[in-house]
Amino acid sequence: QQQVKQSPQSLIVQKGGISIINCAYENTAFDYFPWYQQFPGKGPALLIAIRPDVSEKKEGRFTISFNKSAKQFSLHIMDSQPGDSATYFCAASGGTGFQKLVFGTGTRLLVSP
Amino acid sequence: NAGVTQTPKFRVLKTGQSMTLLCAQDMNHEYMYWYRQDPGMGLRLIHYSVGEGTTAKGEVPDGYNVSRLKKQNFLLGLESAAPSQTSVYFCASTRAGQGYEQYFGPGTRLTVT
C-alpha cells in the first residue's frame with residue numbers, strides 16, 4: 001500500500017514565526033508532491049506543489065523543500081499569520097497507472113496572535 | 001463558474017437506509033473522485049472515474065457504489081448505511097494527466113445513527 005507519512009499532527013506557532021510540516025514517502029515512482037490547505041468547513045485546495053527534480057520551490061511565504069535521497073519533503077510557512085490557521089495535507093501522485101493522490105493524515109496549524 | 005458542487009451538504013441516516021450523494025463540476029474535467037475524511041486519517045479515496053461511463057475502486061470502496069453517466073456528474077451511493085460510514089465526503093475533479101491538481105467540492109457531512 002502506498003503511503004505518505006505526515007508529522008506533526010498538530011502545531012501551534014506564534015504570529016511571525018516559522019511553521020514546518022514534514023512528510024515522508026515510500027514509493028519512488030511518485031512524480032509530483034502537492035500540498036493542500038483546508039479551512040474549517042471547506043474542501044481542500046491546492047497550495048503549492050513540487051516535482052522530484054527540484055530541491056526547493058517558493059511561492060510567497062510558502063516553501064517546499066524536497067530531499068529525494070531521503071524520500072522526504074516539507075512545507076515551511078514563513079512569517080506565519082493567524083489567517084494561515086488551517087489543516088495542511090501533503091500528498092503524492094504518480095506511479096504506475098492512473099494519477100491518483102495519496103494523502104498524508106494532515107496537520108492542524110494554529111497561529112496565535 | 002461554480003466549480004465543484006455537492007448535494008446535500010448535511011444528511012442524517014439511520015442504519016440500513018440508502019442514499020445518493022451528487023457531485024457536479026462545470027470545468028469539463030475528465031477525472032472525478034470521491035473521498036472520505038475522518039479525524040486523524042486524512043483523505044481516503046473511495047472510488048474514481050477517468051471518464052464518462054467508467055469507474056474504478058480506490059482505497060476504501062466497500063459499502064459504496066458509484067456511477068458516472070454524464071461527464072459532469074459523479075454519484076456516490078450507500079446501499080445500506082452503517083455507523084462506520086459516518087464521515088465527511090468530498091468530491092474532486094481534475095483534467096486528464098493533472099492528477100496532482102484536484103479541485104474539491106465543499107463536502108457532505110453524513111451521520112449514520
# chains A, B, ... in the order shown; residues from 1 in each chain; ligands from 1

$ closest_atom_pairs --of "chain A" --to "chain B" --cutoff "8 Å" --atoms "only C-alpha atoms" --output "JSON lines"
{"residue": "A:Gln9", "atom": "CA", "partner": "B:Gly40", "partner_atom": "CA", "distance": 7.8}
{"residue": "A:Tyr32", "atom": "CA", "partner": "B:Tyr100", "partner_atom": "CA", "distance": 6.6}
{"residue": "A:Phe33", "atom": "CA", "partner": "B:Tyr100", "partner_atom": "CA", "distance": 7.4}
{"residue": "A:Pro34", "atom": "CA", "partner": "B:Tyr100", "partner_atom": "CA", "distance": 6.5}
{"residue": "A:Gly41", "atom": "CA", "partner": "B:Pro106", "partner_atom": "CA", "distance": 7.2}
{"residue": "A:Lys42", "atom": "CA", "partner": "B:Pro106", "partner_atom": "CA", "distance": 5.0}
{"residue": "A:Gly43", "atom": "CA", "partner": "B:Pro106", "partner_atom": "CA", "distance": 4.7}
{"residue": "A:Pro44", "atom": "CA", "partner": "B:Phe104", "partner_atom": "CA", "distance": 6.1}
{"residue": "A:Ala45", "atom": "CA", "partner": "B:Tyr103", "partner_atom": "CA", "distance": 6.6}
{"residue": "A:Leu46", "atom": "CA", "partner": "B:Glu101", "partner_atom": "CA", "distance": 6.5}
{"residue": "A:Phe89", "atom": "CA", "partner": "B:Gly42", "partner_atom": "CA", "distance": 7.5}
{"residue": "A:Ala92", "atom": "CA", "partner": "B:Tyr100", "partner_atom": "CA", "distance": 7.4}
{"residue": "A:Ser93", "atom": "CA", "partner": "B:Tyr100", "partner_atom": "CA", "distance": 5.8}
{"residue": "A:Gly94", "atom": "CA", "partner": "B:Gly99", "partner_atom": "CA", "distance": 7.8}
{"residue": "A:Gln99", "atom": "CA", "partner": "B:Gly99", "partner_atom": "CA", "distance": 4.8}
{"residue": "A:Lys100", "atom": "CA", "partner": "B:Gly99", "partner_atom": "CA", "distance": 5.7}
{"residue": "A:Leu101", "atom": "CA", "partner": "B:Tyr100", "partner_atom": "CA", "distance": 6.3}
{"residue": "A:Val102", "atom": "CA", "partner": "B:Arg44", "partner_atom": "CA", "distance": 7.8}
{"residue": "A:Phe103", "atom": "CA", "partner": "B:Leu43", "partner_atom": "CA", "distance": 6.0}
{"residue": "A:Gly104", "atom": "CA", "partner": "B:Gly42", "partner_atom": "CA", "distance": 5.9}
{"residue": "A:Thr105", "atom": "CA", "partner": "B:Gly42", "partner_atom": "CA", "distance": 3.9}
{"residue": "A:Gly106", "atom": "CA", "partner": "B:Gly42", "partner_atom": "CA", "distance": 5.6}

$ residues_around --residues "A:Arg61" --least-positions-apart "4" --cutoff "7 Å" --atoms "only C-alpha atoms" --output "ChimeraX atom specification"
/A:77-79

$ residues_around --residues "A:Thr107" --least-positions-apart "3" --cutoff "12 Å" --atoms "only C-alpha atoms" --output "ChimeraX atom specification"
/A:5-12,19-23,35-39,74-75,85-90,103-104,110 /B:39-42

$ residues_around --residues "B:Leu110" --least-positions-apart "4" --cutoff "12 Å" --atoms "only C-alpha atoms" --output "tab-separated table (two decimals) with C-alpha atoms, in the first residue's frame"
chain	number	residue	atom	x	y	z
B	7	THR	CA	-25.56	17.82	-2.77
B	8	PRO	CA	-26.64	17.58	0.02
B	9	LYS	CA	-24.46	19.48	2.49
B	10	PHE	CA	-25.66	17.53	5.52
B	11	ARG	CA	-27.55	14.30	5.99
B	12	VAL	CA	-28.51	12.05	8.89
B	13	LEU	CA	-29.34	8.43	8.09
B	14	LYS	CA	-30.46	5.51	10.16
B	15	THR	CA	-28.54	2.26	9.91
B	18	SER	CA	-29.72	4.15	1.50
B	19	MET	CA	-28.82	7.45	-0.09
B	20	THR	CA	-27.03	9.02	-3.04
B	21	LEU	CA	-24.58	11.89	-2.92
B	36	ARG	CA	-13.97	10.38	2.78
B	37	GLN	CA	-12.31	12.40	5.53
B	38	ASP	CA	-12.10	11.11	9.05
B	78	LEU	CA	-24.64	3.95	0.01
B	81	ALA	CA	-25.66	2.72	5.58
B	82	ALA	CA	-23.60	1.71	8.61
B	83	PRO	CA	-22.34	3.85	11.53
B	84	SER	CA	-18.78	3.30	10.21
B	85	GLN	CA	-19.76	5.39	7.20
B	86	THR	CA	-20.25	8.46	9.34
B	87	SER	CA	-17.80	10.86	7.76
B	88	VAL	CA	-17.32	13.95	5.65
B	89	TYR	CA	-17.40	13.11	1.96
B	90	PHE	CA	-15.57	15.16	-0.62

$ atom_distance --atom1 "atom CA of A:Ala70" --atom2 "atom CA of A:Asp53"
13.6 Å

$ residues_around --residues "B:Leu22" --least-positions-apart "5" --cutoff "7 Å" --atoms "only C-alpha atoms" --output "compact mmCIF listing (two decimals) with all heavy atoms, in the first residue's frame"
# COMPACT_ATOMS: atom_id res chain seq x y z
N GLN B 6 -21.57 19.94 -4.39
CA GLN B 6 -22.02 18.69 -3.80
C GLN B 6 -23.39 18.85 -3.19
O GLN B 6 -23.68 19.88 -2.56
CB GLN B 6 -21.03 18.21 -2.72
CG GLN B 6 -19.68 17.82 -3.27
CD GLN B 6 -18.76 17.29 -2.18
OE1 GLN B 6 -17.63 17.75 -2.02
NE2 GLN B 6 -19.23 16.30 -1.42
N THR B 7 -24.22 17.82 -3.34
CA THR B 7 -25.56 17.82 -2.77
C THR B 7 -25.81 16.49 -2.09
O THR B 7 -25.53 15.44 -2.68
CB THR B 7 -26.61 18.02 -3.89
OG1 THR B 7 -26.27 19.16 -4.66
CG2 THR B 7 -27.99 18.19 -3.30
N PHE B 74 -20.90 12.87 -10.91
CA PHE B 74 -20.36 11.66 -10.33
C PHE B 74 -21.16 11.36 -9.08
O PHE B 74 -21.19 12.18 -8.16
CB PHE B 74 -18.88 11.86 -10.00
CG PHE B 74 -18.10 10.60 -9.75
CD1 PHE B 74 -18.46 9.39 -10.30
CD2 PHE B 74 -16.95 10.64 -8.97
CE1 PHE B 74 -17.73 8.24 -10.09
CE2 PHE B 74 -16.19 9.50 -8.75
CZ PHE B 74 -16.58 8.29 -9.31
N LEU B 75 -21.86 10.24 -9.05
CA LEU B 75 -22.75 9.91 -7.95
C LEU B 75 -22.12 8.86 -7.05
O LEU B 75 -21.53 7.90 -7.53
CB LEU B 75 -24.08 9.37 -8.49
CG LEU B 75 -25.14 10.38 -8.94
CD1 LEU B 75 -24.65 11.22 -10.11
CD2 LEU B 75 -26.43 9.69 -9.30
N LEU B 76 -22.29 9.06 -5.75
CA LEU B 76 -21.81 8.09 -4.75
C LEU B 76 -23.02 7.55 -4.02
O LEU B 76 -23.79 8.32 -3.44
CB LEU B 76 -20.86 8.75 -3.76
CG LEU B 76 -20.35 7.85 -2.63
CD1 LEU B 76 -19.37 6.81 -3.18
CD2 LEU B 76 -19.65 8.70 -1.55

$ atom_distance --atom1 "atom CA of A:Ser55" --atom2 "atom CA of A:Asp31"
13.2 Å

$ select_by_dssp --residues "stretch 5-96 of chain A" --states "strand (DSSP E or B)" --output "PyMOL selection string"
chain A and resi 5-7+10-14+19-25+30-38+45-50+56-59+62-67+72-77+86-94

$ residues_around --residues "A:Val111" --least-positions-apart "5" --cutoff "7 Å" --atoms "only C-alpha atoms" --output "list in words"
Ile12, Val13, Gln14, Lys15, Ser80, Gln81, Pro82, Asp84 and Ser85 of chain A

$ write_last_selection --atoms "N, CA, C and O atoms" --output "PDB file, in the first residue's frame"
ATOM      1  N   ILE A  12       1.270  24.542  16.974  1.00  0.00           N
ATOM      2  CA  ILE A  12       0.915  25.898  17.389  1.00  0.00           C
ATOM      3  C   ILE A  12       2.141  26.781  17.210  1.00  0.00           C
ATOM      4  O   ILE A  12       3.224  26.462  17.711  1.00  0.00           O
ATOM      5  N   VAL A  13       1.976  27.874  16.488  1.00  0.00           N
ATOM      6  CA  VAL A  13       3.080  28.781  16.182  1.00  0.00           C
ATOM      7  C   VAL A  13       2.651  30.201  16.505  1.00  0.00           C
ATOM      8  O   VAL A  13       1.488  30.563  16.278  1.00  0.00           O
ATOM      9  N   GLN A  14       3.580  30.970  17.019  1.00  0.00           N
ATOM     10  CA  GLN A  14       3.299  32.381  17.272  1.00  0.00           C
ATOM     11  C   GLN A  14       3.279  33.147  15.955  1.00  0.00           C
ATOM     12  O   GLN A  14       4.006  32.810  15.000  1.00  0.00           O
ATOM     13  N   LYS A  15       2.455  34.170  15.927  1.00  0.00           N
ATOM     14  CA  LYS A  15       2.423  35.060  14.749  1.00  0.00           C
ATOM     15  C   LYS A  15       3.822  35.554  14.431  1.00  0.00           C
ATOM     16  O   LYS A  15       4.559  35.992  15.325  1.00  0.00           O
ATOM     17  N   SER A  80       4.433  33.325   9.743  1.00  0.00           N
ATOM     18  CA  SER A  80       3.094  32.753   9.871  1.00  0.00           C
ATOM     19  C   SER A  80       2.087  33.776  10.411  1.00  0.00           C
ATOM     20  O   SER A  80       2.405  34.552  11.322  1.00  0.00           O
ATOM     21  N   GLN A  81       0.878  33.745   9.851  1.00  0.00           N
ATOM     22  CA  GLN A  81      -0.182  34.687  10.211  1.00  0.00           C
ATOM     23  C   GLN A  81      -1.408  33.931  10.726  1.00  0.00           C
ATOM     24  O   GLN A  81      -1.630  32.779  10.340  1.00  0.00           O
ATOM     25  N   PRO A  82      -2.217  34.569  11.554  1.00  0.00           N
ATOM     26  CA  PRO A  82      -3.437  33.893  12.035  1.00  0.00           C
ATOM     27  C   PRO A  82      -4.311  33.360  10.895  1.00  0.00           C
ATOM     28  O   PRO A  82      -4.957  32.325  11.034  1.00  0.00           O
ATOM     29  N   ASP A  84      -3.333  31.876   8.398  1.00  0.00           N
ATOM     30  CA  ASP A  84      -2.774  30.609   7.919  1.00  0.00           C
ATOM     31  C   ASP A  84      -3.298  29.425   8.722  1.00  0.00           C
ATOM     32  O   ASP A  84      -3.022  28.273   8.368  1.00  0.00           O
ATOM     33  N   SER A  85      -4.010  29.699   9.804  1.00  0.00           N
ATOM     34  CA  SER A  85      -4.550  28.630  10.640  1.00  0.00           C
ATOM     35  C   SER A  85      -5.506  27.778   9.813  1.00  0.00           C
ATOM     36  O   SER A  85      -6.529  28.261   9.309  1.00  0.00           O
TER      37      SER A  85
END
